[in-house]
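Raw work_35.cif, mmCIF, C-alpha atoms and all ligand atoms:
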data_data
loop_
_atom_site.label_atom_id
_atom_site.label_comp_id
_atom_site.auth_asym_id
_atom_site.auth_seq_id
_atom_site.Cartn_x
_atom_site.Cartn_y
_atom_site.Cartn_z
CA MET A 10 6.79 22.36 -3.21
CA LYS A 11 8.79 20.40 -5.76
CA ASN A 12 10.79 17.61 -4.12
CA ALA A 13 8.10 17.26 -1.48
CA ARG A 14 8.70 14.15 0.62
CA ILE A 15 5.87 11.65 0.70
CA LEU A 16 5.57 8.57 2.89
CA VAL A 17 3.49 5.79 1.32
CA VAL A 18 2.15 3.29 3.86
CA ASP A 19 0.55 0.10 2.54
CA ASP A 20 0.82 -3.58 3.45
CA GLU A 21 0.65 -4.60 -0.23
CA GLU A 22 3.99 -4.44 -1.98
CA ASN A 23 2.52 -3.96 -5.46
CA ILE A 24 0.65 -0.87 -4.27
CA ARG A 25 3.77 0.53 -2.56
CA LEU A 26 5.82 0.08 -5.73
CA LEU A 27 3.09 1.45 -8.02
CA PHE A 28 2.59 4.57 -5.91
CA LYS A 29 6.35 5.08 -5.54
CA GLU A 30 6.93 4.91 -9.27
CA GLU A 31 3.96 7.12 -10.14
CA LEU A 32 4.73 9.76 -7.50
CA GLU A 33 8.43 9.83 -8.33
CA ASP A 34 7.43 10.50 -11.94
CA GLU A 35 5.69 13.62 -10.59
CA GLY A 36 8.94 14.76 -9.02
CA PHE A 37 8.17 13.76 -5.44
CA GLU A 38 10.63 12.06 -3.14
CA VAL A 39 8.97 8.86 -1.90
CA ASP A 40 9.69 6.66 1.09
CA LEU A 41 7.79 3.47 1.92
CA ALA A 42 6.43 1.76 5.02
CA SER A 43 4.64 -1.58 5.03
CA ASN A 44 2.65 -1.07 8.24
CA GLY A 45 1.57 1.50 10.80
CA PHE A 46 4.42 0.82 13.23
CA GLU A 47 7.05 1.34 10.54
CA ALA A 48 5.28 4.52 9.44
CA LEU A 49 5.33 5.97 12.96
CA ASP A 50 9.05 5.14 13.23
CA LYS A 51 9.82 6.90 9.94
CA LEU A 52 7.80 9.93 10.98
CA LYS A 53 9.80 10.13 14.21
CA GLN A 54 13.07 10.00 12.28
CA GLY A 55 12.30 12.49 9.54
CA ARG A 56 9.99 15.11 8.16
CA PHE A 57 7.44 14.25 5.50
CA ASP A 58 5.26 16.75 3.69
CA LEU A 59 2.50 14.20 3.30
CA VAL A 60 1.55 10.65 4.30
CA VAL A 61 -0.52 8.37 2.04
CA LEU A 62 -2.01 5.84 4.42
CA ASP A 63 -3.76 2.56 3.58
CA ILE A 64 -6.69 1.81 5.88
CA LYS A 65 -6.74 -1.98 5.87
CA MET A 66 -3.45 -3.29 7.27
CA PRO A 67 -2.66 -6.07 9.73
CA GLY A 68 -1.46 -5.14 13.22
CA MET A 69 -2.23 -1.44 13.32
CA ASP A 70 -4.85 -0.35 10.81
CA GLY A 71 -4.77 3.00 9.05
CA ILE A 72 -7.36 4.63 11.30
CA GLN A 73 -5.34 3.79 14.40
CA ALA A 74 -2.14 4.95 12.68
CA LEU A 75 -3.89 8.16 11.59
CA ASN A 76 -4.83 8.95 15.18
CA GLU A 77 -1.29 8.27 16.41
CA ILE A 78 0.20 10.44 13.66
CA LYS A 79 -2.16 13.33 14.39
CA ASN A 80 -1.61 13.03 18.14
CA ALA A 81 2.13 13.37 17.58
CA ASN A 82 1.73 16.22 15.06
CA LYS A 83 -1.73 17.56 14.32
CA ASP A 84 -0.39 19.50 11.32
CA GLN A 85 0.97 16.42 9.55
CA PRO A 86 -1.05 16.08 6.31
CA VAL A 87 -2.43 12.57 5.78
CA ILE A 88 -4.43 11.09 2.91
CA LEU A 89 -6.36 7.91 3.69
CA CYS A 90 -6.53 5.32 0.97
CA SER A 91 -8.58 2.16 0.67
CA ALA A 92 -9.97 -0.24 -1.87
CA TYR A 93 -13.38 0.58 -3.34
CA GLY A 94 -16.23 -0.44 -1.05
CA GLU A 95 -13.91 -1.53 1.72
CA PHE A 96 -15.10 1.18 4.08
CA LYS A 97 -18.54 2.64 4.14
CA GLN A 98 -18.19 4.99 7.08
CA ASP A 99 -18.46 8.72 6.79
CA PHE A 100 -14.87 9.69 6.10
CA SER A 101 -15.52 13.31 6.92
CA SER A 102 -15.73 12.36 10.59
CA TRP A 103 -12.08 11.34 10.49
CA VAL A 104 -9.20 13.72 10.92
CA SER A 105 -7.50 12.94 7.62
CA ASP A 106 -6.87 15.70 5.10
CA GLY A 107 -8.13 13.68 2.17
CA TYR A 108 -9.51 10.35 1.09
CA VAL A 109 -8.78 8.45 -2.11
CA VAL A 110 -10.15 5.15 -3.40
CA LYS A 111 -7.19 2.91 -4.22
CA SER A 112 -6.80 2.40 -7.96
CA ALA A 113 -4.21 1.51 -10.57
CA ASP A 114 -5.21 4.86 -12.07
CA THR A 115 -3.37 7.24 -9.77
CA ARG A 116 -4.70 10.52 -11.19
CA GLU A 117 -7.07 11.13 -8.27
CA LEU A 118 -4.28 10.40 -5.78
CA LYS A 119 -1.89 12.77 -7.53
CA GLN A 120 -4.51 15.53 -7.74
CA THR A 121 -5.42 15.15 -4.05
CA ILE A 122 -1.73 15.33 -3.11
CA LYS A 123 -1.24 18.46 -5.22
CA ASN A 124 -4.31 20.12 -3.72
CA ILE A 125 -3.11 19.49 -0.18
CA LEU A 126 0.43 20.65 -0.94
CA GLY A 127 -0.91 23.70 -2.75
CA LEU A 128 0.73 22.80 -6.08
MG MG B 1 -4.10 -3.00 2.86
#

Encoding of this model in structure tokens:
Amino acid sequence: MKNARILVVDDEENIRLLFKEELEDEGFEVDLASNGFEALDKLKQGRFDLVVLDIKMPGMDGIQALNEIKNANKDQPVILCSAYGEFKQDFSSWVSDGYVVKSADTRELKQTIKNILGL
């Protein structure tokens, strides 16, 4: 699935730009949203092969956004992303397709994306 479209949702601009650059280097097409509301709007307007979703965001957090996204389309792949130690819950109880600890080293993120997309 070369040219897969990925929506990166994060309230921190430096993370959005880092992920965009790194994922575009992998050949993905990347769009950005800075909060859950914007993400839901973009998902209504267009198709994305995958959503990378920050958990800690003001307004609507990533868990709430995840539930809204899956309610609208249960087959929409979503990877949750958060800073190390920020969340200590059991992620397996959530309906996301993957979980990645946020890092400047994006290898784990890229590998998780490729696994989900079957690349
Ligand atoms: Mg955040």

For this session: May I have the residues within 6 Å of ligand MG 1 (chain B), computed using only C-alpha atoms and all ligand atoms, as a ChimeraX atom specification?
Result: /A:19-21,63,65-66

Exercise. Residues around (-3.7, 16.0, 13.7), cut-off 12 Å, counting only C-alpha atoms - what are they as a PyMOL selection string?
Worked result: chain A and resi 74-88+103-106

Exercise. If you count only C-alpha atoms, which residues fall within 12 Å of A:Leu118, apart from same-chain ones fewer than 4 positions away, as a PyMOL selection string?
Worked result: chain A and resi 17+27-29+31-32+35+59-62+87-91+107-114+122-125

Problem set entry | Selected residue of minimal separation from A:Ile15 among A:Asp50, A:Pro67, A:Asn44, A:Gly55, counting only C-alpha atoms |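 Ranked by minimum distance to A:Ile15, first place goes to A:Gly55.
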
Exercise. Between A:Lys51, A:Asn12, A:Ile24, A:Phe57, which one has atoms that come closest to A:Glu38, using all atoms listed in the file?
Worked result: A:Asn12

For this session: Rounded to one decimal place, report the atom CA of A:Gly68-atom CA of A:Thr121 distance in Å.
Result: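 Separation between atom CA of A:Gly68 and atom CA of A:Thr121: 26.9 Å.
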
For this session: Quote the spacing between atom CA of A:Asp40 and atom CA of A:Thr115 in Å to one decimal place.
Result: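 Pair atom CA of A:Asp40 / atom CA of A:Thr115 returns 17.0 Å.
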
Exercise. Between A:Leu52, A:Val18, A:Glu47, A:Asn23, which has the minimum distance to A:Ile64 (counting all atoms listed in the file)?
Worked result: A:Val18

For this session: Figure out the distance between atom CA of A:Gln73 and atom CA of A:Ala48, please, to one decimal in Å.
Result: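 Here the two named atoms are 11.7 Å from each other.
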
Seminar exercise, completed: Min atom-atom distance to A:Phe37 from the set A:Arg14, A:Gly71, A:Lys119, A:Glu22, counting only C-alpha atoms, belongs to A:Arg14

Please, could N, CA and C atoms be added to stretch 52-69 of chain A and the result written as a JSON list (two decimals), keeping the file's coordinate frame?
[["chain", "number", "residue", "atom", "x", "y", "z"],
["A", 52, "LEU", "N", 8.24, 8.56, 10.70],
["A", 52, "LEU", "CA", 7.80, 9.93, 10.98],
["A", 52, "LEU", "C", 8.54, 10.52, 12.18],
["A", 53, "LYS", "N", 9.00, 9.65, 13.07],
["A", 53, "LYS", "CA", 9.80, 10.13, 14.21],
["A", 53, "LYS", "C", 11.19, 10.53, 13.73],
["A", 54, "GLN", "N", 11.70, 9.78, 12.73],
["A", 54, "GLN", "CA", 13.07, 10.00, 12.28],
["A", 54, "GLN", "C", 13.21, 11.16, 11.31],
["A", 55, "GLY", "N", 12.15, 11.46, 10.57],
["A", 55, "GLY", "CA", 12.30, 12.49, 9.54],
["A", 55, "GLY", "C", 11.01, 13.21, 9.25],
["A", 56, "ARG", "N", 11.14, 14.30, 8.51],
["A", 56, "ARG", "CA", 9.99, 15.11, 8.16],
["A", 56, "ARG", "C", 9.43, 14.66, 6.81],
["A", 57, "PHE", "N", 8.12, 14.54, 6.76],
["A", 57, "PHE", "CA", 7.44, 14.25, 5.50],
["A", 57, "PHE", "C", 6.38, 15.31, 5.26],
["A", 58, "ASP", "N", 6.25, 15.74, 4.01],
["A", 58, "ASP", "CA", 5.26, 16.75, 3.69],
["A", 58, "ASP", "C", 3.86, 16.16, 3.66],
["A", 59, "LEU", "N", 3.81, 14.85, 3.43],
["A", 59, "LEU", "CA", 2.50, 14.20, 3.30],
["A", 59, "LEU", "C", 2.64, 12.69, 3.53],
["A", 60, "VAL", "N", 1.60, 12.10, 4.12],
["A", 60, "VAL", "CA", 1.55, 10.65, 4.30],
["A", 60, "VAL", "C", 0.34, 10.11, 3.54],
["A", 61, "VAL", "N", 0.58, 9.08, 2.71],
["A", 61, "VAL", "CA", -0.52, 8.37, 2.04],
["A", 61, "VAL", "C", -0.69, 7.05, 2.79],
["A", 62, "LEU", "N", -1.84, 6.88, 3.42],
["A", 62, "LEU", "CA", -2.01, 5.84, 4.42],
["A", 62, "LEU", "C", -3.12, 4.87, 4.04],
["A", 63, "ASP", "N", -2.78, 3.62, 3.82],
["A", 63, "ASP", "CA", -3.76, 2.56, 3.58],
["A", 63, "ASP", "C", -4.58, 2.36, 4.85],
["A", 64, "ILE", "N", -5.85, 2.03, 4.68],
["A", 64, "ILE", "CA", -6.69, 1.81, 5.88],
["A", 64, "ILE", "C", -6.56, 0.37, 6.37],
["A", 65, "LYS", "N", -6.69, -0.58, 5.44],
["A", 65, "LYS", "CA", -6.74, -1.98, 5.87],
["A", 65, "LYS", "C", -5.34, -2.58, 5.89],
["A", 66, "MET", "N", -4.78, -2.70, 7.09],
["A", 66, "MET", "CA", -3.45, -3.29, 7.27],
["A", 66, "MET", "C", -3.48, -4.15, 8.53],
["A", 67, "PRO", "N", -2.72, -5.24, 8.53],
["A", 67, "PRO", "CA", -2.66, -6.07, 9.73],
["A", 67, "PRO", "C", -1.88, -5.38, 10.85],
["A", 68, "GLY", "N", -2.17, -5.72, 12.07],
["A", 68, "GLY", "CA", -1.46, -5.14, 13.22],
["A", 68, "GLY", "C", -2.09, -3.84, 13.65],
["A", 69, "MET", "N", -1.64, -2.75, 13.05],
["A", 69, "MET", "CA", -2.23, -1.44, 13.32],
["A", 69, "MET", "C", -2.89, -0.96, 12.03]]
